[in-house]
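Structure record follows, encoded as structure tokens.
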Amino acid sequence: MSLHSTGNPAISEKRARLSARTIVPLVGMAIAIAIVFFGLDWVGTDYGYLAAYTVLQYVVLATAWNILGGYAGYVNFASAAFFAVGVYTSVIVYKTVQLPLIATIPLAAVAAGLLGLAVGYLTLRLRGTFFSIATLALSVVMNTLVVNWAFVGGSRGVYVLRPQNIDYFGPYTRYLCIVMLIMAIISVLIARAVERSWLGRGLAALKDDEIAAECAGVPALRLKLAATAISGALMGAAGAPFPFFVTYVDPATAFSLSIAVNTIAMPLIGGTSTWIGPVIGAVLLGSLQQIATVTISSALNLLIVGVLMVIFITLAPNGIVGLVQKIRERRT
Amino acid sequence: MSAASVLSSRGVVKRFGGFTALTGIDFDLGPNERVGLIGPNGSGKSTFVNCVTGALPCDAGKIDFGGTDITDMAAWRRARLGLARSFQIPRPFRGLTVRRNIEVPLAFAAGMSDQREIERQAEEVLVRVGLAAKSRKAPRSLSQVELRKLELGRALAARPKVLIADEAMAGLSDSEVDEILVLLMQLNDSGIAIVLIEHIMRAVVRFSQRVIVLVAGAKIAEGTPQDVMSHPEVVRAYLGQ
């Protein structure tokens with residue numbers, strides 16, 4: 001007889017508590033998002049939407065990075081390259097068939113996912129720093145490719161015209177913000193599903209000890225490929241609306257250092273062990289950067305990341321989530 | 001290959017650069033048999049286990065498991081066929097609880113998909129290896145003998161036909177050695193053939209039906225524990241006479 005059918009009250013109660021632990025943060029997040037949106041509508045300026053877009057974009061990127069970097073322990077330095085694949089897929093679609101943004105996003109996700117699969121196949125036999133160096137090389141290769149590809153603007157860049165308004169959504173910036181919000185929710189749900197699935201458990205085993213995991217039947221390369229493809233696809237999807245957000249894209253923007261650094265720093269600061277960590281890191285760091293941009297200077301953004309990284313790596317190497325867990329463990 | 005063998009190897013060679021760690025090992029393990037694999041440090045015991053389980057590729061030779069040539073097969077595929085191992089130095093998945101450690105091979109090696117059944121079976125395995133009380137603990141909270149039991153539990157959860165226990169008793173007290181021996185005997189009674197790699201001779205003699213001795217990557221003796229222990233080459237290898 002299975003545990004389910006025993007009707008064991010202790011287990012049912014535990015499951016109910018687990019469900020509550022899962023639902024409460026999600027509901028909390030939904031309420032917070034609703035408040036932010038009503039607030040932005042009430043303020044009624046474009047900047048509010050653009051700032052929220054940036055933070056939400058980092059939620060997607062940080063969550064995507066964490067699927068490979070956090071769950072499997074493979075540090076990917078090529079997040080900007082995956083993001084840029086999404087950006088330039090969007091540019092290509094804009095310059096050729098001009099599909100709506102909603103149709104472009106899945107294309108960008110597929111392109112970046114396939115790149116993830118291909119790169120993963122070539123590099124995932126490498127471990128630790130060797131894998132990370134290979135991903136750095138990918139970023140350089142992709143950047144060089146784009147710089148020398150005139151159709152997507154080459155090093156000069158390319159302009160993308162966006163409409164002022166869009167039916168049912170009002171200003172296009174508001175529409176972009178809603179699109180990115182939906183993408184953030186989807187990416188968080190995917191990350192959460194991965195974490196709780198056997199893919200997540202397998203990745204956790206691989207992260208701790210790859211040889212022991214393989215000897216326990218975990219197909220290391222397959223799981224890592226799946227993680228790279230999912231992670232890459234989400235990063236590519238995050239890049240698709242970007243040309244319409246900035247309206248001018250060049251390699252320096254698409255492959256920007258701030259994207260590469262923030263995407264890694266946010267999960268590390270929030271905590272890499274669960275889906276909520278990258279969300280916390282992205283909201284905290286993204287908001288701080290937005291505040292610094294309007295109050296002091298955007299030049300401070302990377303400095304903020306650097307200082308916070310040093311503080312967290314020194315004092316709380318498992319990020320905010322790890323710190324909270326540690327405090328809870330001490331109390332109990 | 002011997003028709004009666006569940007696991008066999010012929011001429012297994014492993015080189016690390018210019019150093020030949022295994023010089024052509026022939027090995028046979030019968031169904032439900034208990035074999036001791038002994039030898040001084042550096043004799044190639046763990047290297048042989050690594051080659052057999054797929055943690056290291058062989059440079060030459062052939063390995064057969066239940067009639068399937070597994071020489072070039074990935075480690076996870078070998079595990080799924082029923083070839084499990086424990087490690088000389090315990091290698092728990094430190095980010096997972098004790099029970100989750102057991103659930104990994106149940107899901108991947110044993111191919112189970114029903115989460116509730118996996119949880120139930122994991123609890124059963126933990127009871128069997130004496131770790132039921134530690135189910136929700138992190139591996140870092142386990143003692144040395146408990147870590148050894150977790151290793152064996154994880155191997156057992158893979159539903160193996162063959163278990164290779166690589167120095168499962170290293171660093172344990174006499175009573176703890178006895179605990180592990182009893183556990184291994186119980187596993188063998190349930191139909192699992194076991195290869196015991198060990199330095200503790202009293203355990204090897206008590207446990208093994210047959211003993212194989214490796215020295216400098218070559219098999220120098222094979223037979224019953226009593227015959228092997230009095231073999232002049234074995235005495236020379238161990239006592240340096």
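Convention: chains lettered A, B, ... in structure tokens order; per-chain residue numbering from 1; ligands numbered from 1 as shown.
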
What are the residues of chain B lining chain A at 10 Å or less? Count only C-alpha atoms, and put the answer as a PyMOL selection string. chain B and resi 50+53-56+74-87+90-96+100-111+113-121+151+154-158

Name the residues in contact with Leu199 of chain A at a cut-off of 10 Å, using only C-alpha atoms, excluding same-chain residues fewer than 3 positions from it; report them as a list in words.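 Surrounding residues, per the criterion: Tyr71, Ala72, Ala193, Val194, Glu195, Arg196, Gly202, Leu203, Ala204, Ala205, Val218, Arg222, Leu223, Lys224, Ala226 and Ala227 of chain A.
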
Please produce a file of the residues just selected, as a tab-separated table (two decimals), in the first residue's frame, where the atoms kept are C-alpha atoms.
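File written: again23.tsv
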```tsv
chain	number	residue	atom	x	y	z
A	71	TYR	CA	20.88	23.69	-9.78
A	72	ALA	CA	23.68	21.92	-11.68
A	193	ALA	CA	9.00	22.84	-11.88
A	194	VAL	CA	12.57	21.90	-12.81
A	195	GLU	CA	13.68	22.20	-9.19
A	196	ARG	CA	10.95	19.85	-7.95
A	202	GLY	CA	19.36	14.75	-10.83
A	203	LEU	CA	20.99	18.14	-11.33
A	204	ALA	CA	21.37	18.54	-7.56
A	205	ALA	CA	23.08	15.16	-7.41
A	218	VAL	CA	21.86	9.75	-13.38
A	222	ARG	CA	21.46	14.42	-20.90
A	223	LEU	CA	20.35	16.30	-17.80
A	224	LYS	CA	22.96	18.99	-18.29
A	226	ALA	CA	18.31	19.73	-20.89
A	227	ALA	CA	19.31	22.35	-18.31
```

Per DSSP on the backbone, filter segment 11-137 of chain B down to the residues in strand (DSSP E) and report them as a ChimeraX atom specification. /B:11-16,19-29,34-38,60-65,68-69,83-86

Between atom CA of Tyr172 of chain A and atom CA of Thr253 of chain A - distance in Å to one decimal: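 Those two atoms sit 20.7 Å apart.
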
Using 12 Å as the limit and counting only C-alpha atoms, can you tabulate each residue of segment 26-125 of chain B that touches segment 191-206 of chain B, with its shortest atom-to-atom distance in Å and the two atoms involved, as JSON lines?
```
{"residue": "B:Phe27", "atom": "CA", "partner": "B:Val195", "partner_atom": "CA", "distance": 10.9}
{"residue": "B:Asp28", "atom": "CA", "partner": "B:Val195", "partner_atom": "CA", "distance": 10.4}
{"residue": "B:Leu29", "atom": "CA", "partner": "B:Ala193", "partner_atom": "CA", "distance": 7.5}
{"residue": "B:Gly30", "atom": "CA", "partner": "B:Ala193", "partner_atom": "CA", "distance": 7.2}
{"residue": "B:Pro31", "atom": "CA", "partner": "B:Ala193", "partner_atom": "CA", "distance": 5.7}
{"residue": "B:Asn32", "atom": "CA", "partner": "B:Ala193", "partner_atom": "CA", "distance": 3.9}
{"residue": "B:Glu33", "atom": "CA", "partner": "B:Ala193", "partner_atom": "CA", "distance": 4.8}
{"residue": "B:Arg34", "atom": "CA", "partner": "B:Ile194", "partner_atom": "CA", "distance": 4.9}
{"residue": "B:Val35", "atom": "CA", "partner": "B:Val195", "partner_atom": "CA", "distance": 4.8}
{"residue": "B:Gly36", "atom": "CA", "partner": "B:Leu196", "partner_atom": "CA", "distance": 4.7}
{"residue": "B:Leu37", "atom": "CA", "partner": "B:Ile197", "partner_atom": "CA", "distance": 4.7}
{"residue": "B:Ile38", "atom": "CA", "partner": "B:Ile197", "partner_atom": "CA", "distance": 5.9}
{"residue": "B:Gly39", "atom": "CA", "partner": "B:His199", "partner_atom": "CA", "distance": 7.6}
{"residue": "B:Pro40", "atom": "CA", "partner": "B:His199", "partner_atom": "CA", "distance": 7.9}
{"residue": "B:Asn41", "atom": "CA", "partner": "B:His199", "partner_atom": "CA", "distance": 8.9}
{"residue": "B:Ser43", "atom": "CA", "partner": "B:Ile197", "partner_atom": "CA", "distance": 11.6}
{"residue": "B:Gly44", "atom": "CA", "partner": "B:Ile197", "partner_atom": "CA", "distance": 10.9}
{"residue": "B:Lys45", "atom": "CA", "partner": "B:Ile197", "partner_atom": "CA", "distance": 7.2}
{"residue": "B:Ser46", "atom": "CA", "partner": "B:Ile197", "partner_atom": "CA", "distance": 8.1}
{"residue": "B:Thr47", "atom": "CA", "partner": "B:Ile197", "partner_atom": "CA", "distance": 11.4}
{"residue": "B:Phe48", "atom": "CA", "partner": "B:Ile197", "partner_atom": "CA", "distance": 10.5}
{"residue": "B:Val49", "atom": "CA", "partner": "B:Ile197", "partner_atom": "CA", "distance": 9.0}
{"residue": "B:Val52", "atom": "CA", "partner": "B:Val195", "partner_atom": "CA", "distance": 11.4}
{"residue": "B:Gly66", "atom": "CA", "partner": "B:Ala193", "partner_atom": "CA", "distance": 11.9}
{"residue": "B:Gly82", "atom": "CA", "partner": "B:Ile192", "partner_atom": "CA", "distance": 9.6}
{"residue": "B:Leu83", "atom": "CA", "partner": "B:Ala193", "partner_atom": "CA", "distance": 9.8}
{"residue": "B:Ala84", "atom": "CA", "partner": "B:Ile194", "partner_atom": "CA", "distance": 9.6}
{"residue": "B:Arg85", "atom": "CA", "partner": "B:Val195", "partner_atom": "CA", "distance": 9.2}
{"residue": "B:Ser86", "atom": "CA", "partner": "B:Leu196", "partner_atom": "CA", "distance": 10.1}
{"residue": "B:Phe87", "atom": "CA", "partner": "B:Ile197", "partner_atom": "CA", "distance": 10.3}
{"residue": "B:Gln88", "atom": "CA", "partner": "B:Ile197", "partner_atom": "CA", "distance": 8.9}
```

Same residues, C-alpha atoms, output as a PDB file, in the first residue's frame:
```pdb
ATOM      1  CA  PHE B  27      37.786 -11.605 -13.421  1.00  0.00           C
ATOM      2  CA  ASP B  28      34.603 -13.630 -12.961  1.00  0.00           C
ATOM      3  CA  LEU B  29      31.750 -13.224 -10.509  1.00  0.00           C
ATOM      4  CA  GLY B  30      29.004 -15.821 -10.276  1.00  0.00           C
ATOM      5  CA  PRO B  31      25.354 -15.070  -9.468  1.00  0.00           C
ATOM      6  CA  ASN B  32      24.894 -14.401  -5.748  1.00  0.00           C
ATOM      7  CA  GLU B  33      28.603 -15.006  -5.143  1.00  0.00           C
ATOM      8  CA  ARG B  34      30.692 -13.186  -2.507  1.00  0.00           C
ATOM      9  CA  VAL B  35      34.166 -12.343  -3.740  1.00  0.00           C
ATOM     10  CA  GLY B  36      36.873 -10.501  -1.856  1.00  0.00           C
ATOM     11  CA  LEU B  37      39.286  -8.350  -3.860  1.00  0.00           C
ATOM     12  CA  ILE B  38      42.412  -7.564  -1.892  1.00  0.00           C
ATOM     13  CA  GLY B  39      45.867  -6.161  -2.464  1.00  0.00           C
ATOM     14  CA  PRO B  40      48.292  -3.623  -0.998  1.00  0.00           C
ATOM     15  CA  ASN B  41      47.737   0.111  -1.519  1.00  0.00           C
ATOM     16  CA  SER B  43      47.657  -2.490  -6.402  1.00  0.00           C
ATOM     17  CA  GLY B  44      44.880  -1.316  -8.726  1.00  0.00           C
ATOM     18  CA  LYS B  45      41.775  -2.486  -6.836  1.00  0.00           C
ATOM     19  CA  SER B  46      39.915   0.812  -7.014  1.00  0.00           C
ATOM     20  CA  THR B  47      41.115   1.427 -10.570  1.00  0.00           C
ATOM     21  CA  PHE B  48      39.663  -1.946 -11.548  1.00  0.00           C
ATOM     22  CA  VAL B  49      36.365  -1.064  -9.858  1.00  0.00           C
ATOM     23  CA  VAL B  52      34.163  -2.026 -14.271  1.00  0.00           C
ATOM     24  CA  GLY B  66      24.858 -10.410 -17.595  1.00  0.00           C
ATOM     25  CA  GLY B  82      22.096  -3.520 -12.130  1.00  0.00           C
ATOM     26  CA  LEU B  83      25.765  -2.799 -11.433  1.00  0.00           C
ATOM     27  CA  ALA B  84      26.040  -0.723  -8.269  1.00  0.00           C
ATOM     28  CA  ARG B  85      28.979   0.421  -6.214  1.00  0.00           C
ATOM     29  CA  SER B  86      29.867   2.217  -3.027  1.00  0.00           C
ATOM     30  CA  PHE B  87      32.879   4.509  -2.843  1.00  0.00           C
ATOM     31  CA  GLN B  88      36.062   4.162  -0.824  1.00  0.00           C
TER      32      GLN B  88
END
```

Residues within 12 Å of Ser298 of chain A, only C-alpha atoms, excluding chain neighbours under 6 positions, as number ranges by chain: A: 258, 286, 288-292, 304-305

List the spatial neighbours of Val249 of chain A as a PDB file with N, CA and C atoms, in the first residue's frame - criterion: any atom at most 9 Å away, only C-alpha atoms, same-chain residues fewer than 3 positions off excluded.
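As written to disk, result31.pdb reads:
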```pdb
ATOM      1  N   VAL A  87      17.898  38.805 -28.842  1.00  0.00           N
ATOM      2  CA  VAL A  87      17.837  40.178 -29.365  1.00  0.00           C
ATOM      3  C   VAL A  87      17.914  40.165 -30.891  1.00  0.00           C
ATOM      4  N   TYR A  88      18.905  39.453 -31.429  1.00  0.00           N
ATOM      5  CA  TYR A  88      19.120  39.492 -32.878  1.00  0.00           C
ATOM      6  C   TYR A  88      18.119  38.614 -33.638  1.00  0.00           C
ATOM      7  N   VAL A  91      15.555  41.084 -34.117  1.00  0.00           N
ATOM      8  CA  VAL A  91      15.953  42.042 -35.166  1.00  0.00           C
ATOM      9  C   VAL A  91      15.726  41.421 -36.554  1.00  0.00           C
ATOM     10  N   GLY A 153      23.020  44.873 -38.688  1.00  0.00           N
ATOM     11  CA  GLY A 153      23.564  46.173 -38.307  1.00  0.00           C
ATOM     12  C   GLY A 153      25.049  46.182 -38.014  1.00  0.00           C
ATOM     13  N   ARG A 156      27.784  48.920 -36.281  1.00  0.00           N
ATOM     14  CA  ARG A 156      27.079  50.216 -36.257  1.00  0.00           C
ATOM     15  C   ARG A 156      25.744  50.126 -35.514  1.00  0.00           C
ATOM     16  N   GLY A 157      25.201  48.943 -35.486  1.00  0.00           N
ATOM     17  CA  GLY A 157      23.922  48.776 -34.810  1.00  0.00           C
ATOM     18  C   GLY A 157      22.740  48.937 -35.759  1.00  0.00           C
ATOM     19  N   VAL A 158      21.543  48.767 -35.207  1.00  0.00           N
ATOM     20  CA  VAL A 158      20.340  48.809 -36.022  1.00  0.00           C
ATOM     21  C   VAL A 158      19.210  49.479 -35.231  1.00  0.00           C
ATOM     22  N   TYR A 159      18.388  50.261 -35.942  1.00  0.00           N
ATOM     23  CA  TYR A 159      17.243  50.920 -35.297  1.00  0.00           C
ATOM     24  C   TYR A 159      15.999  50.058 -35.459  1.00  0.00           C
ATOM     25  N   VAL A 160      15.219  50.018 -34.435  1.00  0.00           N
ATOM     26  CA  VAL A 160      13.934  49.298 -34.489  1.00  0.00           C
ATOM     27  C   VAL A 160      12.847  50.299 -34.082  1.00  0.00           C
ATOM     28  N   PHE A 242      13.836  43.117 -26.229  1.00  0.00           N
ATOM     29  CA  PHE A 242      14.839  44.145 -25.937  1.00  0.00           C
ATOM     30  C   PHE A 242      14.997  45.198 -27.056  1.00  0.00           C
ATOM     31  N   PRO A 243      15.029  44.791 -28.349  1.00  0.00           N
ATOM     32  CA  PRO A 243      15.174  45.811 -29.400  1.00  0.00           C
ATOM     33  C   PRO A 243      14.039  46.830 -29.370  1.00  0.00           C
ATOM     34  N   VAL A 246      14.776  49.259 -26.293  1.00  0.00           N
ATOM     35  CA  VAL A 246      15.812  50.294 -26.440  1.00  0.00           C
ATOM     36  C   VAL A 246      15.720  51.029 -27.779  1.00  0.00           C
ATOM     37  N   ALA A 252      27.480  46.241 -28.513  1.00  0.00           N
ATOM     38  CA  ALA A 252      27.884  46.669 -27.173  1.00  0.00           C
ATOM     39  C   ALA A 252      26.704  46.623 -26.202  1.00  0.00           C
ATOM     40  N   THR A 253      25.499  46.891 -26.702  1.00  0.00           N
ATOM     41  CA  THR A 253      24.311  46.852 -25.834  1.00  0.00           C
ATOM     42  C   THR A 253      23.846  45.414 -25.627  1.00  0.00           C
ATOM     43  N   ALA A 254      23.777  44.683 -26.755  1.00  0.00           N
ATOM     44  CA  ALA A 254      23.241  43.314 -26.668  1.00  0.00           C
ATOM     45  C   ALA A 254      24.149  42.399 -25.845  1.00  0.00           C
TER      46      ALA A 254
END
```

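Around Ala52 of chain A, within 10 Å and counting only C-alpha atoms, the residues found are Ile33, Val36, Phe37, Leu40, Tyr47, Gly48, Tyr49, Leu50, Thr54, Val55, Leu56, Gln57, Tyr58, Arg174, Leu176, Cys177, Ile178, Met180, Leu181, Val283, Gly286, Ser287 and Gln290 of chain A, once anything fewer than 2 positions away on its own chain is removed.
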
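One finds atom CA of Ala103 of chain A at 17.0 Å from atom CA of Phe83 of chain A.
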
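For the set A:Val152, A:Ala112, A:Ala80, A:Ile311, the residue with the smallest atom-to-atom gap to Val93 of chain A is A:Val152, counting only C-alpha atoms.
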
When DSSP is applied to the backbone of this structure, which of segment 244-319 of chain A are assigned helix (DSSP H, G or I)? Write them out as a PyMOL selection string. chain A and resi 244-246+251-254+257-270+276-295+298-315+319

Distance in Å - atom CA of Ala108 of chain A versus atom CA of Leu189 of chain A: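 Atom CA of Ala108 of chain A sits 19.1 Å away from atom CA of Leu189 of chain A.
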
Within 10 Å of Ile185 of chain A using only C-alpha atoms, minus same-chain residues under 2 positions, as a PyMOL selection string: chain A and resi 26+29-30+56+59-60+180-183+187-191

Those residues you just picked out, can you put them in a file as a PDB file, in the first residue's frame with C-alpha atoms?
```
ATOM      1  CA  LEU A  26       3.544  32.660  -5.211  1.00  0.00           C
ATOM      2  CA  MET A  29       4.500  37.580  -5.479  1.00  0.00           C
ATOM      3  CA  ALA A  30       1.271  37.974  -7.453  1.00  0.00           C
ATOM      4  CA  LEU A  56      11.588  41.879 -14.636  1.00  0.00           C
ATOM      5  CA  VAL A  59      14.202  38.173 -13.008  1.00  0.00           C
ATOM      6  CA  VAL A  60      13.967  36.115 -16.222  1.00  0.00           C
ATOM      7  CA  MET A 180       8.116  40.820 -19.535  1.00  0.00           C
ATOM      8  CA  LEU A 181       5.985  40.254 -16.437  1.00  0.00           C
ATOM      9  CA  ILE A 182       4.334  37.246 -18.081  1.00  0.00           C
ATOM     10  CA  MET A 183       7.756  35.962 -19.131  1.00  0.00           C
ATOM     11  CA  SER A 187      10.315  31.452 -16.180  1.00  0.00           C
ATOM     12  CA  VAL A 188       9.837  31.264 -12.402  1.00  0.00           C
ATOM     13  CA  LEU A 189       7.208  28.536 -12.831  1.00  0.00           C
ATOM     14  CA  ILE A 190       9.543  26.608 -15.155  1.00  0.00           C
ATOM     15  CA  ALA A 191      12.449  26.952 -12.710  1.00  0.00           C
TER      16      ALA A 191
END
```

Using only C-alpha atoms, which protein or nucleic acid residues come within 12 Å of Phe255 of chain A? Drop anything in the same chain fewer than 5 positions from it, and give the result as a PyMOL selection string. chain A and resi 77-88+136+138-147+155+239+242+249-250+260-261

Keeping C-alpha atoms, export the residues of the selection given above as a short mmCIF file (atom, residue, chain, number, x, y, z; two decimals), in the first residue's frame.
```cif
data_model
loop_
_atom_site.label_atom_id
_atom_site.label_comp_id
_atom_site.auth_asym_id
_atom_site.auth_seq_id
_atom_site.Cartn_x
_atom_site.Cartn_y
_atom_site.Cartn_z
CA PHE A 77 29.54 33.22 -18.43
CA ALA A 78 27.73 33.34 -21.78
CA SER A 79 24.39 34.68 -20.53
CA ALA A 80 24.88 37.84 -22.61
CA ALA A 81 25.42 35.66 -25.70
CA PHE A 82 22.14 33.78 -25.17
CA PHE A 83 20.38 37.07 -24.48
CA ALA A 84 21.90 38.52 -27.67
CA VAL A 85 20.67 35.56 -29.70
CA GLY A 86 17.16 36.52 -28.59
CA VAL A 87 17.84 40.18 -29.37
CA TYR A 88 19.12 39.49 -32.88
CA LEU A 136 33.35 32.91 -22.13
CA LEU A 138 31.18 31.46 -26.81
CA SER A 139 30.36 35.04 -25.87
CA VAL A 140 33.40 36.31 -27.76
CA VAL A 141 32.61 34.18 -30.83
CA MET A 142 28.97 35.32 -30.93
CA ASN A 143 29.96 38.95 -30.47
CA THR A 144 32.47 38.72 -33.33
CA LEU A 145 29.86 37.07 -35.53
CA VAL A 146 27.33 39.85 -34.94
CA VAL A 147 29.91 42.64 -35.35
CA SER A 155 29.10 47.11 -35.27
CA GLY A 239 16.25 39.16 -25.25
CA PHE A 242 14.84 44.14 -25.94
CA VAL A 249 20.63 47.76 -30.77
CA ASP A 250 24.36 47.38 -31.28
CA ALA A 260 26.62 39.25 -18.12
CA VAL A 261 27.54 40.36 -14.59
#
```
